[in-house]
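Visitor: So I've got this file, coords_33.cif, and it contains mmCIF, C-alpha atoms:
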data_data
#
loop_
_atom_site.group_PDB
_atom_site.id
_atom_site.type_symbol
_atom_site.label_atom_id
_atom_site.label_comp_id
_atom_site.auth_asym_id
_atom_site.auth_seq_id
_atom_site.Cartn_x
_atom_site.Cartn_y
_atom_site.Cartn_z
ATOM 1 C CA MET A 1112 26.131 58.884 -49.444
ATOM 2 C CA ALA A 1113 22.801 60.585 -50.009
ATOM 3 C CA ASP A 1114 22.593 64.349 -49.879
ATOM 4 C CA ALA A 1115 21.493 65.616 -46.488
ATOM 5 C CA ALA A 1116 18.778 68.218 -46.152
ATOM 6 C CA PRO A 1117 20.267 71.676 -45.596
ATOM 7 C CA VAL A 1118 20.069 73.250 -42.152
ATOM 8 C CA THR A 1119 19.724 76.924 -41.378
ATOM 9 C CA VAL A 1120 22.426 78.399 -39.187
ATOM 10 C CA ARG A 1121 21.777 81.767 -37.582
ATOM 11 C CA ALA A 1122 24.759 83.260 -35.824
ATOM 12 C CA THR A 1123 26.481 86.520 -35.122
ATOM 13 C CA VAL A 1124 29.658 86.675 -37.197
ATOM 14 C CA ASN A 1125 32.040 89.551 -36.519
ATOM 15 C CA GLY A 1126 29.253 91.451 -34.792
ATOM 16 C CA ARG A 1127 26.693 91.030 -37.581
ATOM 17 C CA PRO A 1128 23.760 88.635 -37.654
ATOM 18 C CA VAL A 1129 23.944 86.090 -40.461
ATOM 19 C CA SER A 1130 21.651 83.343 -41.638
ATOM 20 C CA VAL A 1131 22.943 80.705 -44.008
ATOM 21 C CA GLN A 1132 21.695 77.354 -45.240
ATOM 22 C CA VAL A 1133 24.392 74.685 -45.179
ATOM 23 C CA ASP A 1134 24.810 70.975 -45.504
ATOM 24 C CA PRO A 1135 24.719 69.625 -41.927
ATOM 25 C CA ARG A 1136 28.164 68.106 -42.582
ATOM 26 C CA ALA A 1137 29.710 71.449 -43.619
ATOM 27 C CA THR A 1138 32.531 72.735 -41.477
ATOM 28 C CA LEU A 1139 32.589 76.193 -40.013
ATOM 29 C CA LEU A 1140 35.777 76.839 -42.005
ATOM 30 C CA ASP A 1141 34.168 76.044 -45.356
ATOM 31 C CA THR A 1142 31.040 77.988 -44.439
ATOM 32 C CA LEU A 1143 33.046 81.069 -43.470
ATOM 33 C CA ARG A 1144 35.146 80.953 -46.621
ATOM 34 C CA ASP A 1145 32.680 79.703 -49.231
ATOM 35 C CA GLU A 1146 29.291 80.957 -48.046
ATOM 36 C CA LEU A 1147 30.175 84.126 -46.133
ATOM 37 C CA GLU A 1148 33.251 85.043 -48.218
ATOM 38 C CA LEU A 1149 35.403 85.577 -45.120
ATOM 39 C CA THR A 1150 38.633 84.242 -46.559
ATOM 40 C CA GLY A 1151 40.996 85.489 -43.863
ATOM 41 C CA THR A 1152 40.588 82.189 -42.044
ATOM 42 C CA LYS A 1153 42.912 79.746 -43.790
ATOM 43 C CA LYS A 1154 42.581 76.072 -44.620
ATOM 44 C CA GLY A 1155 45.960 74.567 -43.808
ATOM 45 C CA CYS A 1156 45.828 70.874 -43.015
ATOM 46 C CA ASP A 1157 42.018 70.436 -42.780
ATOM 47 C CA ARG A 1158 42.733 67.962 -39.940
ATOM 48 C CA GLY A 1159 42.999 70.174 -36.858
ATOM 49 C CA GLN A 1160 46.777 69.888 -36.682
ATOM 50 C CA CYS A 1161 48.113 73.275 -37.842
ATOM 51 C CA GLY A 1162 45.900 75.962 -36.264
ATOM 52 C CA ALA A 1163 45.637 78.093 -39.428
ATOM 53 C CA CYS A 1164 41.844 77.956 -39.203
ATOM 54 C CA THR A 1165 41.535 79.202 -35.600
ATOM 55 C CA VAL A 1166 38.523 81.428 -34.923
ATOM 56 C CA HIS A 1167 36.604 82.313 -31.759
ATOM 57 C CA VAL A 1168 33.198 80.900 -30.907
ATOM 58 C CA ASP A 1169 31.611 82.637 -27.934
ATOM 59 C CA GLY A 1170 35.030 84.056 -27.100
ATOM 60 C CA ARG A 1171 36.868 80.720 -27.068
ATOM 61 C CA ARG A 1172 39.369 79.657 -29.684
ATOM 62 C CA VAL A 1173 38.313 76.733 -31.861
ATOM 63 C CA LEU A 1174 39.630 74.990 -34.937
ATOM 64 C CA SER A 1175 37.043 75.813 -37.562
ATOM 65 C CA CYS A 1176 38.055 72.874 -39.774
ATOM 66 C CA LEU A 1177 36.890 70.493 -37.011
ATOM 67 C CA THR A 1178 33.761 72.448 -36.059
ATOM 68 C CA LEU A 1179 30.497 71.780 -37.838
ATOM 69 C CA ALA A 1180 28.797 74.972 -38.955
ATOM 70 C CA ALA A 1181 25.512 73.728 -37.517
ATOM 71 C CA THR A 1182 27.012 73.795 -34.011
ATOM 72 C CA VAL A 1183 27.412 77.583 -34.062
ATOM 73 C CA ASP A 1184 23.681 78.247 -34.404
ATOM 74 C CA ASP A 1185 22.733 81.088 -32.017
ATOM 75 C CA ARG A 1186 26.390 81.670 -31.136
ATOM 76 C CA GLU A 1187 28.928 84.412 -31.706
ATOM 77 C CA VAL A 1188 31.785 83.789 -34.146
ATOM 78 C CA THR A 1189 34.772 86.086 -34.553
ATOM 79 C CA THR A 1190 37.240 85.719 -37.401
ATOM 80 C CA ILE A 1191 40.419 87.639 -38.166
ATOM 81 C CA GLU A 1192 38.276 90.107 -40.147
ATOM 82 C CA GLY A 1193 36.352 90.928 -36.966
ATOM 83 C CA LEU A 1194 39.279 91.905 -34.725
ATOM 84 C CA ALA A 1195 40.051 95.388 -36.045
ATOM 85 C CA ARG A 1196 37.763 98.309 -35.242
ATOM 86 C CA GLY A 1197 37.520 100.189 -38.515
ATOM 87 C CA ASP A 1198 41.024 101.329 -39.420
ATOM 88 C CA ARG A 1199 42.302 100.615 -35.903
ATOM 89 C CA LEU A 1200 44.019 97.246 -35.686
ATOM 90 C CA HIS A 1201 43.597 94.998 -32.680
ATOM 91 C CA PRO A 1202 46.676 95.233 -30.414
ATOM 92 C CA MET A 1203 47.688 91.689 -31.376
ATOM 93 C CA GLN A 1204 47.515 92.493 -35.089
ATOM 94 C CA GLN A 1205 49.583 95.634 -34.503
ATOM 95 C CA ALA A 1206 52.163 93.724 -32.454
ATOM 96 C CA PHE A 1207 52.561 91.086 -35.178
ATOM 97 C CA ILE A 1208 53.325 93.883 -37.637
ATOM 98 C CA GLU A 1209 55.692 95.711 -35.309
ATOM 99 C CA ARG A 1210 57.570 92.544 -34.297
ATOM 100 C CA ASP A 1211 57.570 91.120 -37.837
ATOM 101 C CA GLY A 1212 55.740 88.037 -36.575
ATOM 102 C CA LEU A 1213 55.042 86.734 -40.061
ATOM 103 C CA GLN A 1214 56.816 85.790 -43.222
ATOM 104 C CA CYS A 1215 54.583 84.133 -45.799
ATOM 105 C CA GLY A 1216 51.521 85.104 -43.727
ATOM 106 C CA PHE A 1217 49.531 81.926 -44.294
ATOM 107 C CA CYS A 1218 49.438 80.961 -40.611
ATOM 108 C CA THR A 1219 49.146 84.534 -39.363
ATOM 109 C CA PRO A 1220 45.334 84.787 -39.034
ATOM 110 C CA GLY A 1221 45.237 81.574 -37.000
ATOM 111 C CA GLN A 1222 48.268 82.603 -34.946
ATOM 112 C CA ILE A 1223 46.679 85.971 -34.124
ATOM 113 C CA MET A 1224 43.265 84.500 -33.293
ATOM 114 C CA SER A 1225 44.858 81.869 -31.078
ATOM 115 C CA ALA A 1226 47.068 84.461 -29.388
ATOM 116 C CA VAL A 1227 44.099 86.735 -28.651
ATOM 117 C CA GLY A 1228 42.191 83.779 -27.220
ATOM 118 C CA MET A 1229 45.203 82.728 -25.181
ATOM 119 C CA VAL A 1230 45.563 86.182 -23.612
ATOM 120 C CA GLN A 1231 41.824 86.347 -22.896
ATOM 121 C CA GLU A 1232 42.140 83.017 -21.067
ATOM 122 C CA GLY A 1233 44.815 84.658 -18.900
ATOM 123 C CA PRO A 1234 48.128 86.274 -19.825
ATOM 124 C CA ALA A 1235 51.173 84.050 -20.079
ATOM 125 C CA ARG A 1236 53.812 84.546 -17.405
ATOM 126 C CA SER A 1237 56.817 83.607 -19.547
ATOM 127 C CA ASP A 1238 57.974 83.035 -23.100
ATOM 128 C CA ASP A 1239 57.964 79.297 -22.404
ATOM 129 C CA GLU A 1240 54.325 79.505 -21.356
ATOM 130 C CA ILE A 1241 53.482 81.432 -24.535
ATOM 131 C CA ARG A 1242 55.156 78.729 -26.617
ATOM 132 C CA GLU A 1243 53.327 75.967 -24.741
ATOM 133 C CA ARG A 1244 49.926 77.614 -25.003
ATOM 134 C CA MET A 1245 50.450 78.388 -28.703
ATOM 135 C CA SER A 1246 51.758 74.900 -29.531
ATOM 136 C CA GLY A 1247 48.707 74.057 -31.652
ATOM 137 C CA ASN A 1248 49.643 76.726 -34.196
ATOM 138 C CA ILE A 1249 52.338 75.811 -36.686
ATOM 139 C CA CYS A 1250 54.416 78.331 -38.637
ATOM 140 C CA ARG A 1251 56.137 76.678 -41.582
ATOM 141 C CA CYS A 1252 58.448 79.705 -41.944
ATOM 142 C CA SER A 1253 59.630 79.339 -38.324
ATOM 143 C CA CYS A 1254 58.832 82.887 -37.207
ATOM 144 C CA TYR A 1255 58.340 81.615 -33.656
ATOM 145 C CA PRO A 1256 60.738 84.045 -31.886
ATOM 146 C CA SER A 1257 58.973 87.054 -33.443
ATOM 147 C CA ILE A 1258 55.546 85.568 -32.750
ATOM 148 C CA VAL A 1259 56.433 85.130 -29.070
ATOM 149 C CA GLU A 1260 57.714 88.730 -28.915
ATOM 150 C CA ALA A 1261 54.512 90.005 -30.538
ATOM 151 C CA ILE A 1262 52.318 88.117 -28.088
ATOM 152 C CA ARG A 1263 54.403 89.313 -25.122
ATOM 153 C CA ASP A 1264 54.025 92.939 -26.301
ATOM 154 C CA ALA A 1265 50.322 92.706 -27.106
ATOM 155 C CA GLN A 1266 49.298 91.069 -23.862
ATOM 156 C CA LYS A 1267 50.687 94.085 -21.965
ATOM 157 C CA VAL A 1268 48.346 96.355 -23.922
ATOM 158 C CA MET A 1269 45.368 93.967 -23.762
ATOM 159 C CA ARG A 1270 45.233 93.790 -19.947
#
Kindly present the structure from the file in structure tokens form.
Guide:
Amino acid sequence: MADAAPVTVRATVNGRPVSVQVDPRATLLDTLRDELELTGTKKGCDRGQCGACTVHVDGRRVLSCLTLAATVDDREVTTIEGLARGDRLHPMQQAFIERDGLQCGFCTPGQIMSAVGMVQEGPARSDDEIRERMSGNICRCSCYPSIVEAIRDAQKVMR
């Protein structure tokens, strides 16, 4: 396949304007990690099946491994690095720490980003609803009970 001409993507990433030239076939995940050096977003399956790469685009959770970087031109992207405000963690990040909602930590950025997006869509009314709405995020260490507890705690603070 012939090389494609690069495209310029201008977006707001974690509150800061960025401009980057990328291959039009480049994913948002690879652009975040390789071009913008935001390595908090993880590449798990690279097939949209694990949720480790979840970020927000215009406030909605997306799988960055399935999103072309060119599609976020003139849009707002938030990664795990953009949740905290200085030294003050986002309530979801704090709840994951307090409830020990991680073990190896590989899925944690995607879990947190998905959980924040889920709560912004509307708080879950039960643990079963949390599990259902978070079903696209896989934890290989099986920290699901602690993850559910963290989300339940954080959504009370986020209201």
Visitor: Suppose a student applies the PyMOL selection byres ((chain A and resi 1163-1168) around 8) to this structure; what residues should they get, written as a PDB file with C-alpha atoms, in the frame of the given file?
Guide:
ATOM      1  CA  LEU A1140      35.777  76.839 -42.005  1.00  0.00           C
ATOM      2  CA  THR A1152      40.588  82.189 -42.044  1.00  0.00           C
ATOM      3  CA  LYS A1153      42.912  79.746 -43.790  1.00  0.00           C
ATOM      4  CA  LYS A1154      42.581  76.072 -44.620  1.00  0.00           C
ATOM      5  CA  GLY A1155      45.960  74.567 -43.808  1.00  0.00           C
ATOM      6  CA  CYS A1161      48.113  73.275 -37.842  1.00  0.00           C
ATOM      7  CA  GLY A1162      45.900  75.962 -36.264  1.00  0.00           C
ATOM      8  CA  ASP A1169      31.611  82.637 -27.934  1.00  0.00           C
ATOM      9  CA  GLY A1170      35.030  84.056 -27.100  1.00  0.00           C
ATOM     10  CA  ARG A1171      36.868  80.720 -27.068  1.00  0.00           C
ATOM     11  CA  ARG A1172      39.369  79.657 -29.684  1.00  0.00           C
ATOM     12  CA  VAL A1173      38.313  76.733 -31.861  1.00  0.00           C
ATOM     13  CA  LEU A1174      39.630  74.990 -34.937  1.00  0.00           C
ATOM     14  CA  SER A1175      37.043  75.813 -37.562  1.00  0.00           C
ATOM     15  CA  CYS A1176      38.055  72.874 -39.774  1.00  0.00           C
ATOM     16  CA  VAL A1183      27.412  77.583 -34.062  1.00  0.00           C
ATOM     17  CA  ARG A1186      26.390  81.670 -31.136  1.00  0.00           C
ATOM     18  CA  GLU A1187      28.928  84.412 -31.706  1.00  0.00           C
ATOM     19  CA  VAL A1188      31.785  83.789 -34.146  1.00  0.00           C
ATOM     20  CA  THR A1189      34.772  86.086 -34.553  1.00  0.00           C
ATOM     21  CA  THR A1190      37.240  85.719 -37.401  1.00  0.00           C
ATOM     22  CA  ILE A1191      40.419  87.639 -38.166  1.00  0.00           C
ATOM     23  CA  PHE A1217      49.531  81.926 -44.294  1.00  0.00           C
ATOM     24  CA  CYS A1218      49.438  80.961 -40.611  1.00  0.00           C
ATOM     25  CA  THR A1219      49.146  84.534 -39.363  1.00  0.00           C
ATOM     26  CA  PRO A1220      45.334  84.787 -39.034  1.00  0.00           C
ATOM     27  CA  GLY A1221      45.237  81.574 -37.000  1.00  0.00           C
ATOM     28  CA  GLN A1222      48.268  82.603 -34.946  1.00  0.00           C
ATOM     29  CA  MET A1224      43.265  84.500 -33.293  1.00  0.00           C
ATOM     30  CA  SER A1225      44.858  81.869 -31.078  1.00  0.00           C
ATOM     31  CA  GLY A1228      42.191  83.779 -27.220  1.00  0.00           C
ATOM     32  CA  ASN A1248      49.643  76.726 -34.196  1.00  0.00           C
ATOM     33  CA  ILE A1249      52.338  75.811 -36.686  1.00  0.00           C
TER      34      ILE A1249
END
Visitor: Provide the atom CA of Leu1177 of chain A to atom CA of Gly1151 of chain A distance in Å, to one decimal place.
Guide: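 Computed distance, atom CA of Leu1177 of chain A to atom CA of Gly1151 of chain A, equals 17.0 Å.
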Visitor: Carefully work through the PyMOL selection byres ((chain A and resi 1205-1215) around 12) for this structure and note down the residues it includes, as an MDAnalysis selection string.
Guide: chainID A and resid 1194:1195 1198:1204 1216:1224 1226:1227 1249:1269
Visitor: Could those selected residues go to a file with C-alpha atoms, as an mmCIF file, in the coordinates of the input?
Guide:
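This is the output file part.cif:
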data_model
loop_
_atom_site.group_PDB
_atom_site.id
_atom_site.type_symbol
_atom_site.label_atom_id
_atom_site.label_comp_id
_atom_site.auth_asym_id
_atom_site.auth_seq_id
_atom_site.Cartn_x
_atom_site.Cartn_y
_atom_site.Cartn_z
ATOM 1 C CA LEU A 1194 39.279 91.905 -34.725
ATOM 2 C CA ALA A 1195 40.051 95.388 -36.045
ATOM 3 C CA ASP A 1198 41.024 101.329 -39.420
ATOM 4 C CA ARG A 1199 42.302 100.615 -35.903
ATOM 5 C CA LEU A 1200 44.019 97.246 -35.686
ATOM 6 C CA HIS A 1201 43.597 94.998 -32.680
ATOM 7 C CA PRO A 1202 46.676 95.233 -30.414
ATOM 8 C CA MET A 1203 47.688 91.689 -31.376
ATOM 9 C CA GLN A 1204 47.515 92.493 -35.089
ATOM 10 C CA GLY A 1216 51.521 85.104 -43.727
ATOM 11 C CA PHE A 1217 49.531 81.926 -44.294
ATOM 12 C CA CYS A 1218 49.438 80.961 -40.611
ATOM 13 C CA THR A 1219 49.146 84.534 -39.363
ATOM 14 C CA PRO A 1220 45.334 84.787 -39.034
ATOM 15 C CA GLY A 1221 45.237 81.574 -37.000
ATOM 16 C CA GLN A 1222 48.268 82.603 -34.946
ATOM 17 C CA ILE A 1223 46.679 85.971 -34.124
ATOM 18 C CA MET A 1224 43.265 84.500 -33.293
ATOM 19 C CA ALA A 1226 47.068 84.461 -29.388
ATOM 20 C CA VAL A 1227 44.099 86.735 -28.651
ATOM 21 C CA ILE A 1249 52.338 75.811 -36.686
ATOM 22 C CA CYS A 1250 54.416 78.331 -38.637
ATOM 23 C CA ARG A 1251 56.137 76.678 -41.582
ATOM 24 C CA CYS A 1252 58.448 79.705 -41.944
ATOM 25 C CA SER A 1253 59.630 79.339 -38.324
ATOM 26 C CA CYS A 1254 58.832 82.887 -37.207
ATOM 27 C CA TYR A 1255 58.340 81.615 -33.656
ATOM 28 C CA PRO A 1256 60.738 84.045 -31.886
ATOM 29 C CA SER A 1257 58.973 87.054 -33.443
ATOM 30 C CA ILE A 1258 55.546 85.568 -32.750
ATOM 31 C CA VAL A 1259 56.433 85.130 -29.070
ATOM 32 C CA GLU A 1260 57.714 88.730 -28.915
ATOM 33 C CA ALA A 1261 54.512 90.005 -30.538
ATOM 34 C CA ILE A 1262 52.318 88.117 -28.088
ATOM 35 C CA ARG A 1263 54.403 89.313 -25.122
ATOM 36 C CA ASP A 1264 54.025 92.939 -26.301
ATOM 37 C CA ALA A 1265 50.322 92.706 -27.106
ATOM 38 C CA GLN A 1266 49.298 91.069 -23.862
ATOM 39 C CA LYS A 1267 50.687 94.085 -21.965
ATOM 40 C CA VAL A 1268 48.346 96.355 -23.922
ATOM 41 C CA MET A 1269 45.368 93.967 -23.762
#
Visitor: When you draw a straight line from atom CA of Arg1196 of chain A to atom CA of Leu1149 of chain A, how long is it in Å?
Guide: 16.3 Å
Visitor: For Thr1138 of chain A, which residue among A:Ala1235, A:Ala1180, A:Val1124, A:Met1245 is the nearest when counting only C-alpha atoms?
Guide: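 Residue with the minimum atom-to-atom distance to Thr1138 of chain A: A:Ala1180.
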Visitor: Calculated over all atoms listed in the file, which of the candidates A:Val1120, A:Met1229, A:Ile1241, A:Val1129 has the smallest distance to Leu1179 of chain A?
Guide: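 Closest to Leu1179 of chain A of all the choices is A:Val1120.
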Visitor: Please report the interatomic distance between atom CA of Ala1181 of chain A and atom CA of Gln1132 of chain A in Å with one decimal.
Guide: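 Between these atoms lies a distance of 9.3 Å.
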Visitor: Can you work out which one of A:Glu1243, A:Asp1157, A:Asp1114, A:Asp1185 has the shortest atom-to-atom distance to Ser1130 of chain A, counting all atoms listed in the file?
Guide: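 The closest residue to Ser1130 of chain A is A:Asp1185.
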